[in-house]
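Asker: Okay, here's the structure, questions in a sec.
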Amino acid sequence: MDNEILLEIKNMRKSFNDLEVLKDINLTVKRGEVISIIGPSGSGKSTLLRCATLLERMDSGCLKYLDSVAASMVDGSIRYSSKKELKKIRNYFGLVFQNFNLFPHYSVMRNITEAPIHTEGVPENEAKENARRLLKELGLSDKENAYPCELSGGQQQRVSIARALAKKPEVLFFDEPTSALDPELTSEVLKVIRRLAEEKMTMIIVTHEMQFAREVSDRIIFMENGLIQVEGTPDELFASDHARLKEFMGRLNA
Amino acid sequence: MNLAVMLKQLSEGLIVSVEIFLLTLLFSLPLGLLVSFGRMSKNTIIRGLVKFYISIMRGTPLMLQLIVVYFAPYYVFGKNINGFRFPAVIIAFSINYAAYFAEIYRGGIESMPVGQYEAAEVLGFNRLQTFFRIIFPQVIKRILPSVTNETITLVKDTSLAFVLAEVEMFTMAKQIAAKQSSIMPLMVAGVFYFVFNAVVAMIMEGFEKKLSYYR
């Protein structure tokens, strides 16, 4: 099912008090696509991710995963779907946080299996087997009994990726997944994301790693002031004449 | 009266003290959690009432609260209830300590990073699961030192039960001391309290150690 639309965002708006953080965001994500979102701090990238993952409620707009509507406009005001529907929708996506947010009191194994077992009713054996397979893929086979505090930042981030993957999401969001890591640990996490891209995992990645975004993405989105300013293939973006984009990338390369 | 008799009588008193101690913990620890929920409620009326309750419990002497609870049936029903002495002690201690524990719970719960809630939410845990599987176990670790403090204070506070003439260890020690015109029984009671607390501290330390497997 190529070209199947997994996620559709229309006219997404969000303000915090008087500050309009997202002004009118439209984004469609197809199965297998890897999309990077770049832009300066305060441009709304993270808020976009938080609205898409239901951590934040948008003020107006439509949000749809596959055939499930999470939020839509009814008579000019936003209406979110029922709790039950939102619960189902949460199973469509996973989110990897900048600072991992692993559960420190659980072992690596339990961090990964807790949600499948207790929110989806997956039998414990099956959940564990699946977790071991993921850990193996992510190079953490020997860590299943370790606690998060015993792991390096890169290992912790890989566990949190495994935790997100354990729910078999259709689309995986990353919120600056390497911003808390040093260059060496960054590369070990990027390697994992690159592998997922090769396996055609649908991903939306907020990142400051330009070179990585260029290499791994099908599309890059440049955001500023709550708007998508430029959107295109990596080559298009890196060749763009857009003044602010050029300035932004120039600063990064400087 | 020889030493053996005195020790035996004090031990009988000690058993009552331990009973007050254990029952108070048994009731006030869960009640405190409930009170902390009220204290953090979004409903301003509930929050205000609970805040008032806590301020009364913390702002007036426990000794007075013991007396008020003991005489409450007389003022409410117009008569005393037989055998209400011991229950009154447990009720007064429990509602008093619940107020202190509630504030400790609240401190622990509010110190939890919001990222833990968000990770749980994205993973599909409902509110109850998030609290009891993710948040509360970590809260326990955070509040354990403060709970130990309160628990040790409680050991010594059990002596306040003497205002209702409940014959716990301190009451017993005072009676013996009066009979013998000597403070010796009181000193011995002091040693008993000290040992009691040493045991409590050791147990609490054991809990802390058990939870030290993660940071």
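Lettering and numbering for the structure tokens are positional, with chains as A, B, ... in the shown order, residues counted from 1 in each chain, and ligands counted from 1 in the shown order.
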Give me, as a PyMOL selection string, the contact residues of chain B against chain A at a cut-off of 7 Å, counting only C-alpha atoms.
Answerer: chain B and resi 115-116+118-119+122-125+134+138+214-215
Asker: Given the selection you just returned, output its residues as a file containing N, CA and C atoms, formatted as a PDB file, in the first residue's frame.
Answerer:
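Saved to again-v4.pdb:
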```pdb
ATOM      1  N   GLY B 115       7.930  14.992  32.169  1.00  0.00           N
ATOM      2  CA  GLY B 115       8.275  14.037  31.107  1.00  0.00           C
ATOM      3  C   GLY B 115       7.834  12.615  31.410  1.00  0.00           C
ATOM      4  N   GLN B 116       7.782  12.246  32.682  1.00  0.00           N
ATOM      5  CA  GLN B 116       7.333  10.904  33.049  1.00  0.00           C
ATOM      6  C   GLN B 116       5.852  10.727  32.710  1.00  0.00           C
ATOM      7  N   GLU B 118       4.269  12.484  30.433  1.00  0.00           N
ATOM      8  CA  GLU B 118       4.112  12.557  28.974  1.00  0.00           C
ATOM      9  C   GLU B 118       4.508  11.251  28.307  1.00  0.00           C
ATOM     10  N   ALA B 119       5.605  10.650  28.783  1.00  0.00           N
ATOM     11  CA  ALA B 119       6.024   9.364  28.217  1.00  0.00           C
ATOM     12  C   ALA B 119       4.923   8.332  28.429  1.00  0.00           C
ATOM     13  N   VAL B 122       1.889   9.052  26.051  1.00  0.00           N
ATOM     14  CA  VAL B 122       2.136   8.669  24.660  1.00  0.00           C
ATOM     15  C   VAL B 122       2.112   7.148  24.502  1.00  0.00           C
ATOM     16  N   LEU B 123       2.559   6.442  25.551  1.00  0.00           N
ATOM     17  CA  LEU B 123       2.580   4.982  25.477  1.00  0.00           C
ATOM     18  C   LEU B 123       1.198   4.373  25.698  1.00  0.00           C
ATOM     19  N   GLY B 124       0.229   5.202  26.035  1.00  0.00           N
ATOM     20  CA  GLY B 124      -1.144   4.716  26.119  1.00  0.00           C
ATOM     21  C   GLY B 124      -1.610   4.321  27.509  1.00  0.00           C
ATOM     22  N   PHE B 125      -0.819   4.630  28.546  1.00  0.00           N
ATOM     23  CA  PHE B 125      -1.281   4.330  29.906  1.00  0.00           C
ATOM     24  C   PHE B 125      -2.412   5.284  30.265  1.00  0.00           C
ATOM     25  N   ILE B 134       3.842   4.254  37.195  1.00  0.00           N
ATOM     26  CA  ILE B 134       4.985   5.091  36.829  1.00  0.00           C
ATOM     27  C   ILE B 134       5.327   6.106  37.924  1.00  0.00           C
ATOM     28  N   GLN B 138       8.040   5.941  42.126  1.00  0.00           N
ATOM     29  CA  GLN B 138       9.160   6.872  42.188  1.00  0.00           C
ATOM     30  C   GLN B 138       8.971   7.892  43.305  1.00  0.00           C
ATOM     31  N   TYR B 214      18.055   2.268  41.750  1.00  0.00           N
ATOM     32  CA  TYR B 214      18.000   3.223  40.631  1.00  0.00           C
ATOM     33  C   TYR B 214      18.115   4.643  41.170  1.00  0.00           C
ATOM     34  N   ARG B 215      18.428   5.547  40.273  1.00  0.00           N
ATOM     35  CA  ARG B 215      18.517   6.948  40.647  1.00  0.00           C
ATOM     36  C   ARG B 215      17.357   7.722  40.056  1.00  0.00           C
TER      37      ARG B 215
END
```
Asker: Please give the complete set of residues from stretch 120-251 of chain A that DSSP, run on the backbone, assigns to strand (DSSP E), formatted as a short mmCIF file (atom, residue, chain, number, x, y, z; two decimals) with C-alpha atoms, in the first residue's frame.
Answerer:
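What landed in out.cif:
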```cif
data_model
loop_
_atom_site.label_atom_id
_atom_site.label_comp_id
_atom_site.auth_asym_id
_atom_site.auth_seq_id
_atom_site.Cartn_x
_atom_site.Cartn_y
_atom_site.Cartn_z
CA VAL A 171 4.68 6.50 12.46
CA LEU A 172 7.49 7.45 14.80
CA PHE A 173 8.15 11.00 15.96
CA PHE A 174 11.52 12.17 17.22
CA ASP A 175 11.82 15.40 19.19
CA THR A 202 7.63 6.29 8.63
CA MET A 203 9.34 8.97 10.69
CA ILE A 204 9.04 12.64 11.49
CA ILE A 205 12.21 14.00 13.01
CA VAL A 206 12.75 17.38 14.61
CA ARG A 219 11.45 15.69 2.66
CA ILE A 220 12.71 18.50 4.83
CA ILE A 221 10.51 21.17 6.32
CA PHE A 222 11.93 24.50 7.40
CA MET A 223 9.81 26.21 10.04
CA GLU A 224 9.96 29.71 11.36
CA LEU A 227 4.79 28.58 9.73
CA ILE A 228 6.25 26.10 7.31
CA GLN A 229 8.45 28.44 5.29
CA VAL A 230 10.08 26.00 2.91
CA GLU A 231 9.33 22.40 2.16
CA GLY A 232 11.00 20.06 -0.32
#
```
Asker: How far is it from atom CA of B:Glu150 to atom CA of B:Asn43, in Å with one decimal?
Answerer: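 Atom-to-atom, atom CA of B:Glu150 and atom CA of B:Asn43 are spaced 28.5 Å apart.
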Asker: For A:Thr186, list every protein, DNA or RNA residue within 12 Å, evaluated using only C-alpha atoms, and leave out those in the same chain fewer than 5 positions away; present the list as number ranges by chain.
Answerer: A: 98, 152-158, 176-181, 191-193, 207-209, 212
Asker: Write out as a PDB file with C-alpha atoms, in the first residue's frame all residues of stretch 40-212 of chain B that DSSP puts in helix (DSSP H, G or I) for this structure's backbone.
Answerer:
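After the write, selection-v3.pdb holds the following:
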```pdb
ATOM      1  CA  THR B  44     -11.291  24.801  44.311  1.00  0.00           C
ATOM      2  CA  ILE B  45     -13.882  23.890  46.963  1.00  0.00           C
ATOM      3  CA  ILE B  46     -12.321  20.491  47.674  1.00  0.00           C
ATOM      4  CA  ARG B  47      -8.860  22.002  47.623  1.00  0.00           C
ATOM      5  CA  GLY B  48      -9.888  24.779  49.986  1.00  0.00           C
ATOM      6  CA  LEU B  49     -11.548  22.409  52.452  1.00  0.00           C
ATOM      7  CA  VAL B  50      -8.575  20.076  52.482  1.00  0.00           C
ATOM      8  CA  LYS B  51      -6.190  22.981  52.905  1.00  0.00           C
ATOM      9  CA  PHE B  52      -8.233  24.129  55.916  1.00  0.00           C
ATOM     10  CA  TYR B  53      -8.208  20.610  57.374  1.00  0.00           C
ATOM     11  CA  ILE B  54      -4.439  20.398  57.023  1.00  0.00           C
ATOM     12  CA  SER B  55      -3.925  23.813  58.595  1.00  0.00           C
ATOM     13  CA  ILE B  56      -6.044  22.823  61.612  1.00  0.00           C
ATOM     14  CA  MET B  57      -4.237  19.515  62.043  1.00  0.00           C
ATOM     15  CA  ARG B  58      -0.823  21.102  61.787  1.00  0.00           C
ATOM     16  CA  GLY B  59      -1.714  24.309  63.579  1.00  0.00           C
ATOM     17  CA  LEU B  62      -2.142  16.961  68.919  1.00  0.00           C
ATOM     18  CA  MET B  63      -2.950  16.773  72.611  1.00  0.00           C
ATOM     19  CA  LEU B  64      -5.946  19.054  72.091  1.00  0.00           C
ATOM     20  CA  GLN B  65      -7.023  17.049  69.038  1.00  0.00           C
ATOM     21  CA  LEU B  66      -6.968  13.871  71.146  1.00  0.00           C
ATOM     22  CA  ILE B  67      -9.278  15.475  73.679  1.00  0.00           C
ATOM     23  CA  VAL B  68     -11.627  16.853  71.013  1.00  0.00           C
ATOM     24  CA  VAL B  69     -11.931  13.470  69.284  1.00  0.00           C
ATOM     25  CA  TYR B  70     -12.515  11.696  72.574  1.00  0.00           C
ATOM     26  CA  PHE B  71     -15.308  14.020  73.614  1.00  0.00           C
ATOM     27  CA  ALA B  72     -16.822  14.400  70.146  1.00  0.00           C
ATOM     28  CA  PRO B  73     -19.437  11.604  70.640  1.00  0.00           C
ATOM     29  CA  TYR B  74     -20.648  13.345  73.796  1.00  0.00           C
ATOM     30  CA  TYR B  75     -21.225  16.605  71.965  1.00  0.00           C
ATOM     31  CA  VAL B  76     -22.618  14.965  68.819  1.00  0.00           C
ATOM     32  CA  PHE B  77     -24.778  12.185  70.282  1.00  0.00           C
ATOM     33  CA  ARG B  85     -10.748   5.579  74.573  1.00  0.00           C
ATOM     34  CA  PHE B  86      -8.470   3.514  72.356  1.00  0.00           C
ATOM     35  CA  PRO B  87     -10.367   4.161  69.080  1.00  0.00           C
ATOM     36  CA  ALA B  88     -10.289   7.881  69.894  1.00  0.00           C
ATOM     37  CA  VAL B  89      -6.516   7.735  70.244  1.00  0.00           C
ATOM     38  CA  ILE B  90      -6.153   5.944  66.887  1.00  0.00           C
ATOM     39  CA  ILE B  91      -8.565   8.296  65.115  1.00  0.00           C
ATOM     40  CA  ALA B  92      -6.891  11.429  66.435  1.00  0.00           C
ATOM     41  CA  PHE B  93      -3.403  10.191  65.621  1.00  0.00           C
ATOM     42  CA  SER B  94      -4.466   8.992  62.168  1.00  0.00           C
ATOM     43  CA  ILE B  95      -6.158  12.189  61.047  1.00  0.00           C
ATOM     44  CA  ASN B  96      -3.296  14.245  62.454  1.00  0.00           C
ATOM     45  CA  TYR B  97      -0.545  12.246  60.787  1.00  0.00           C
ATOM     46  CA  ALA B  98      -2.530  11.971  57.544  1.00  0.00           C
ATOM     47  CA  ALA B  99      -2.273  15.754  57.271  1.00  0.00           C
ATOM     48  CA  TYR B 100       1.510  15.670  57.588  1.00  0.00           C
ATOM     49  CA  PHE B 101       1.854  12.693  55.254  1.00  0.00           C
ATOM     50  CA  ALA B 102      -0.432  14.411  52.724  1.00  0.00           C
ATOM     51  CA  GLU B 103       1.970  17.321  52.443  1.00  0.00           C
ATOM     52  CA  ILE B 104       4.885  14.915  52.083  1.00  0.00           C
ATOM     53  CA  TYR B 105       3.090  13.021  49.318  1.00  0.00           C
ATOM     54  CA  ARG B 106       2.232  16.288  47.621  1.00  0.00           C
ATOM     55  CA  GLY B 107       5.835  17.401  47.686  1.00  0.00           C
ATOM     56  CA  GLY B 108       6.916  14.103  46.179  1.00  0.00           C
ATOM     57  CA  ILE B 109       4.231  14.038  43.511  1.00  0.00           C
ATOM     58  CA  GLU B 110       4.834  17.640  42.487  1.00  0.00           C
ATOM     59  CA  VAL B 114       6.417  16.182  33.646  1.00  0.00           C
ATOM     60  CA  GLY B 115       8.275  14.037  31.107  1.00  0.00           C
ATOM     61  CA  GLN B 116       7.333  10.904  33.049  1.00  0.00           C
ATOM     62  CA  TYR B 117       3.641  11.730  32.647  1.00  0.00           C
ATOM     63  CA  GLU B 118       4.112  12.557  28.974  1.00  0.00           C
ATOM     64  CA  ALA B 119       6.024   9.364  28.217  1.00  0.00           C
ATOM     65  CA  ALA B 120       3.283   7.364  29.927  1.00  0.00           C
ATOM     66  CA  GLU B 121       0.550   9.226  28.068  1.00  0.00           C
ATOM     67  CA  VAL B 122       2.136   8.669  24.660  1.00  0.00           C
ATOM     68  CA  ARG B 127      -4.393   8.055  34.391  1.00  0.00           C
ATOM     69  CA  LEU B 128      -4.677   5.372  37.038  1.00  0.00           C
ATOM     70  CA  GLN B 129      -1.968   3.214  35.465  1.00  0.00           C
ATOM     71  CA  THR B 130       0.267   6.230  35.036  1.00  0.00           C
ATOM     72  CA  PHE B 131      -0.051   7.096  38.689  1.00  0.00           C
ATOM     73  CA  PHE B 132       0.318   3.654  40.212  1.00  0.00           C
ATOM     74  CA  ARG B 133       2.813   2.128  37.759  1.00  0.00           C
ATOM     75  CA  ILE B 134       4.985   5.091  36.829  1.00  0.00           C
ATOM     76  CA  ILE B 135       4.618   7.984  39.256  1.00  0.00           C
ATOM     77  CA  PHE B 136       3.873   6.584  42.704  1.00  0.00           C
ATOM     78  CA  PRO B 137       6.741   4.054  42.903  1.00  0.00           C
ATOM     79  CA  GLN B 138       9.160   6.872  42.188  1.00  0.00           C
ATOM     80  CA  VAL B 139       7.406   9.177  44.647  1.00  0.00           C
ATOM     81  CA  ILE B 140       7.908   6.625  47.420  1.00  0.00           C
ATOM     82  CA  LYS B 141      11.640   6.686  46.873  1.00  0.00           C
ATOM     83  CA  ARG B 142      11.703  10.474  46.920  1.00  0.00           C
ATOM     84  CA  ILE B 143       9.661  10.890  50.108  1.00  0.00           C
ATOM     85  CA  LEU B 144      11.135   8.052  52.140  1.00  0.00           C
ATOM     86  CA  PRO B 145      13.538  10.239  54.188  1.00  0.00           C
ATOM     87  CA  SER B 146      10.697  12.613  55.142  1.00  0.00           C
ATOM     88  CA  VAL B 147       8.416   9.706  55.991  1.00  0.00           C
ATOM     89  CA  THR B 148      11.139   8.272  58.219  1.00  0.00           C
ATOM     90  CA  ASN B 149      11.256  11.597  60.065  1.00  0.00           C
ATOM     91  CA  GLU B 150       7.518  11.629  60.667  1.00  0.00           C
ATOM     92  CA  THR B 151       7.527   7.983  61.679  1.00  0.00           C
ATOM     93  CA  ILE B 152      10.160   8.588  64.316  1.00  0.00           C
ATOM     94  CA  THR B 153       8.228  11.580  65.619  1.00  0.00           C
ATOM     95  CA  LEU B 154       5.165   9.346  65.800  1.00  0.00           C
ATOM     96  CA  VAL B 155       6.972   6.871  68.062  1.00  0.00           C
ATOM     97  CA  LYS B 156       7.549   9.629  70.579  1.00  0.00           C
ATOM     98  CA  ASP B 157       4.119  11.196  70.055  1.00  0.00           C
ATOM     99  CA  THR B 158       2.412   7.978  71.140  1.00  0.00           C
ATOM    100  CA  SER B 159       3.182   9.164  74.671  1.00  0.00           C
ATOM    101  CA  LEU B 160       0.558  11.896  74.197  1.00  0.00           C
ATOM    102  CA  ALA B 161      -2.105   9.207  74.533  1.00  0.00           C
ATOM    103  CA  PHE B 162      -1.680   9.685  78.267  1.00  0.00           C
ATOM    104  CA  VAL B 163      -4.045  12.702  78.125  1.00  0.00           C
ATOM    105  CA  LEU B 164      -6.861  10.233  77.509  1.00  0.00           C
ATOM    106  CA  MET B 169       4.353   3.091  78.032  1.00  0.00           C
ATOM    107  CA  PHE B 170       4.753   6.690  79.122  1.00  0.00           C
ATOM    108  CA  THR B 171       1.563   6.659  81.204  1.00  0.00           C
ATOM    109  CA  MET B 172       2.774   3.481  82.825  1.00  0.00           C
ATOM    110  CA  ALA B 173       6.200   4.958  83.518  1.00  0.00           C
ATOM    111  CA  LYS B 174       4.642   8.025  85.110  1.00  0.00           C
ATOM    112  CA  GLN B 175       2.443   5.897  87.365  1.00  0.00           C
ATOM    113  CA  ILE B 176       5.366   3.801  88.521  1.00  0.00           C
ATOM    114  CA  ALA B 177       7.516   6.899  88.978  1.00  0.00           C
ATOM    115  CA  ALA B 178       4.845   8.493  91.164  1.00  0.00           C
ATOM    116  CA  LYS B 179       4.558   5.376  93.283  1.00  0.00           C
ATOM    117  CA  GLN B 180       8.314   5.050  93.755  1.00  0.00           C
ATOM    118  CA  MET B 184      14.153   5.933  87.179  1.00  0.00           C
ATOM    119  CA  PRO B 185      11.058   4.390  85.470  1.00  0.00           C
ATOM    120  CA  LEU B 186      10.864   7.431  83.177  1.00  0.00           C
ATOM    121  CA  MET B 187      14.520   7.045  82.248  1.00  0.00           C
ATOM    122  CA  VAL B 188      13.966   3.395  81.459  1.00  0.00           C
ATOM    123  CA  ALA B 189      10.960   4.348  79.331  1.00  0.00           C
ATOM    124  CA  GLY B 190      13.284   6.760  77.530  1.00  0.00           C
ATOM    125  CA  VAL B 191      15.635   3.889  76.741  1.00  0.00           C
ATOM    126  CA  PHE B 192      12.667   1.873  75.457  1.00  0.00           C
ATOM    127  CA  TYR B 193      11.639   4.716  73.131  1.00  0.00           C
ATOM    128  CA  PHE B 194      15.208   5.020  71.949  1.00  0.00           C
ATOM    129  CA  VAL B 195      15.451   1.326  71.103  1.00  0.00           C
ATOM    130  CA  PHE B 196      12.006   1.409  69.494  1.00  0.00           C
ATOM    131  CA  ASN B 197      13.169   4.244  67.256  1.00  0.00           C
ATOM    132  CA  ALA B 198      16.443   2.542  66.470  1.00  0.00           C
ATOM    133  CA  VAL B 199      14.454  -0.404  65.148  1.00  0.00           C
ATOM    134  CA  VAL B 200      12.164   1.903  63.161  1.00  0.00           C
ATOM    135  CA  ALA B 201      15.149   3.748  61.688  1.00  0.00           C
ATOM    136  CA  MET B 202      16.775   0.458  60.768  1.00  0.00           C
ATOM    137  CA  ILE B 203      13.666  -0.776  58.987  1.00  0.00           C
ATOM    138  CA  MET B 204      13.284   2.501  57.106  1.00  0.00           C
ATOM    139  CA  GLU B 205      16.924   2.395  56.120  1.00  0.00           C
ATOM    140  CA  GLY B 206      16.270  -1.089  54.782  1.00  0.00           C
ATOM    141  CA  PHE B 207      13.492   0.295  52.583  1.00  0.00           C
ATOM    142  CA  GLU B 208      15.752   3.067  51.326  1.00  0.00           C
ATOM    143  CA  LYS B 209      18.441   0.561  50.501  1.00  0.00           C
ATOM    144  CA  LYS B 210      15.940  -1.590  48.683  1.00  0.00           C
TER     145      LYS B 210
END
```
Asker: Kindly give the distance, in Å, that separates atom CA of B:Pro61 and atom CA of B:Leu10, rounded to a single decimal.
Answerer: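 Answer for the atom CA of B:Pro61 to atom CA of B:Leu10 separation: 26.0 Å.
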Asker: Between A:Glu33, A:Glu188, A:Asp75, A:Asp218, single out the one closest to A:Asp235, counting only C-alpha atoms.
Answerer: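 Of A:Glu33, A:Glu188, A:Asp75, A:Asp218, the one nearest A:Asp235, counting only C-alpha atoms, is A:Asp218.
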Asker: Got a sec: who's within 12 Å of A:Leu63, counting only C-alpha atoms, leaving out chain neighbours fewer than 5 positions off, as a VMD selection string?
Answerer: chain A and resid 6 to 13 25 to 29 48 to 49 51 to 54 57 to 58 68 to 73 78 to 81 86 89
Asker: Could those residues be written to a file, using N, CA and C atoms, as an mmCIF file, in the first residue's frame?
Answerer:
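So again.cif came out as:
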```
data_model
loop_
_atom_site.group_PDB
_atom_site.id
_atom_site.type_symbol
_atom_site.label_atom_id
_atom_site.label_comp_id
_atom_site.auth_asym_id
_atom_site.auth_seq_id
_atom_site.Cartn_x
_atom_site.Cartn_y
_atom_site.Cartn_z
ATOM 1 N N LEU A 6 -0.744 8.359 6.091
ATOM 2 C CA LEU A 6 -0.779 7.946 7.499
ATOM 3 C C LEU A 6 -1.238 9.076 8.399
ATOM 4 N N LEU A 7 -0.807 10.275 8.037
ATOM 5 C CA LEU A 7 -1.077 11.404 8.924
ATOM 6 C C LEU A 7 -1.424 12.629 8.092
ATOM 7 N N GLU A 8 -2.483 13.281 8.515
ATOM 8 C CA GLU A 8 -2.901 14.480 7.816
ATOM 9 C C GLU A 8 -3.157 15.591 8.828
ATOM 10 N N ILE A 9 -2.440 16.669 8.658
ATOM 11 C CA ILE A 9 -2.646 17.839 9.524
ATOM 12 C C ILE A 9 -3.118 18.987 8.647
ATOM 13 N N LYS A 10 -4.225 19.595 9.056
ATOM 14 C CA LYS A 10 -4.751 20.705 8.257
ATOM 15 C C LYS A 10 -5.000 21.911 9.139
ATOM 16 N N ASN A 11 -4.493 23.050 8.695
ATOM 17 C CA ASN A 11 -4.745 24.338 9.361
ATOM 18 C C ASN A 11 -4.526 24.292 10.865
ATOM 19 N N MET A 12 -3.467 23.639 11.283
ATOM 20 C CA MET A 12 -3.221 23.526 12.722
ATOM 21 C C MET A 12 -2.768 24.869 13.295
ATOM 22 N N ARG A 13 -3.475 25.305 14.326
ATOM 23 C CA ARG A 13 -3.119 26.549 15.009
ATOM 24 C C ARG A 13 -3.022 26.309 16.498
ATOM 25 N N ILE A 25 -0.546 25.280 10.018
ATOM 26 C CA ILE A 25 0.338 24.196 9.580
ATOM 27 C C ILE A 25 -0.461 23.162 8.799
ATOM 28 N N ASN A 26 0.029 22.842 7.628
ATOM 29 C CA ASN A 26 -0.557 21.770 6.816
ATOM 30 C C ASN A 26 0.533 20.766 6.484
ATOM 31 N N LEU A 27 0.241 19.516 6.755
ATOM 32 C CA LEU A 27 1.279 18.506 6.542
ATOM 33 C C LEU A 27 0.614 17.160 6.285
ATOM 34 N N THR A 28 1.068 16.502 5.235
ATOM 35 C CA THR A 28 0.565 15.172 4.931
ATOM 36 C C THR A 28 1.748 14.215 4.883
ATOM 37 N N VAL A 29 1.601 13.114 5.581
ATOM 38 C CA VAL A 29 2.700 12.158 5.644
ATOM 39 C C VAL A 29 2.245 10.822 5.083
ATOM 40 N N LEU A 48 4.505 21.605 17.216
ATOM 41 C CA LEU A 48 3.866 20.838 16.154
ATOM 42 C C LEU A 48 3.870 19.349 16.505
ATOM 43 N N LEU A 49 5.019 18.868 16.978
ATOM 44 C CA LEU A 49 5.126 17.461 17.347
ATOM 45 C C LEU A 49 4.220 17.133 18.537
ATOM 46 N N CYS A 51 1.480 18.669 19.427
ATOM 47 C CA CYS A 51 0.068 18.674 19.016
ATOM 48 C C CYS A 51 -0.258 17.401 18.237
ATOM 49 N N ALA A 52 0.686 16.986 17.393
ATOM 50 C CA ALA A 52 0.432 15.787 16.585
ATOM 51 C C ALA A 52 0.375 14.539 17.455
ATOM 52 N N THR A 53 1.082 14.540 18.586
ATOM 53 C CA THR A 53 1.100 13.363 19.458
ATOM 54 C C THR A 53 0.112 13.502 20.618
ATOM 55 N N LEU A 54 -0.765 14.502 20.526
ATOM 56 C CA LEU A 54 -1.846 14.697 21.499
ATOM 57 C C LEU A 54 -1.366 15.084 22.890
ATOM 58 N N ARG A 57 -3.134 20.220 23.043
ATOM 59 C CA ARG A 57 -4.332 20.342 22.226
ATOM 60 C C ARG A 57 -4.231 21.596 21.373
ATOM 61 N N MET A 58 -4.440 21.433 20.076
ATOM 62 C CA MET A 58 -4.387 22.610 19.215
ATOM 63 C C MET A 58 -5.658 23.423 19.380
ATOM 64 N N SER A 68 -8.675 7.443 11.140
ATOM 65 C CA SER A 68 -9.189 7.900 12.428
ATOM 66 C C SER A 68 -8.973 9.396 12.608
ATOM 67 N N VAL A 69 -10.052 10.078 12.850
ATOM 68 C CA VAL A 69 -9.970 11.518 13.073
ATOM 69 C C VAL A 69 -9.722 11.769 14.557
ATOM 70 N N ALA A 70 -8.626 12.470 14.847
ATOM 71 C CA ALA A 70 -8.340 12.816 16.242
ATOM 72 C C ALA A 70 -9.036 14.114 16.610
ATOM 73 N N ALA A 71 -9.007 15.053 15.668
ATOM 74 C CA ALA A 71 -9.645 16.345 15.922
ATOM 75 C C ALA A 71 -10.079 16.938 14.599
ATOM 76 N N SER A 72 -11.208 17.638 14.649
ATOM 77 C CA SER A 72 -11.687 18.284 13.427
ATOM 78 C C SER A 72 -12.493 19.517 13.806
ATOM 79 N N MET A 73 -12.789 20.319 12.805
ATOM 80 C CA MET A 73 -13.551 21.531 13.066
ATOM 81 C C MET A 73 -15.042 21.258 12.875
ATOM 82 N N ILE A 78 -13.011 23.660 17.398
ATOM 83 C CA ILE A 78 -12.357 22.364 17.318
ATOM 84 C C ILE A 78 -13.054 21.336 18.190
ATOM 85 N N ARG A 79 -13.131 20.118 17.672
ATOM 86 C CA ARG A 79 -13.689 19.048 18.480
ATOM 87 C C ARG A 79 -12.764 17.845 18.438
ATOM 88 N N TYR A 80 -12.311 17.442 19.618
ATOM 89 C CA TYR A 80 -11.468 16.245 19.703
ATOM 90 C C TYR A 80 -12.358 15.010 19.810
ATOM 91 N N SER A 81 -11.880 13.895 19.289
ATOM 92 C CA SER A 81 -12.667 12.668 19.329
ATOM 93 C C SER A 81 -12.758 12.118 20.740
ATOM 94 N N LEU A 86 -9.215 8.348 20.827
ATOM 95 C CA LEU A 86 -7.867 8.890 21.006
ATOM 96 C C LEU A 86 -6.908 7.816 21.500
ATOM 97 N N ILE A 89 -5.908 5.940 18.598
ATOM 98 C CA ILE A 89 -4.992 6.740 17.770
ATOM 99 C C ILE A 89 -3.588 6.753 18.369
#
```
Asker: Between atom CA of B:Glu12 and atom CA of B:Leu29, what distance in Å does the model show, to one decimal?
Answerer: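 Spanning atom CA of B:Glu12 to atom CA of B:Leu29 is a straight-line distance of 26.0 Å.
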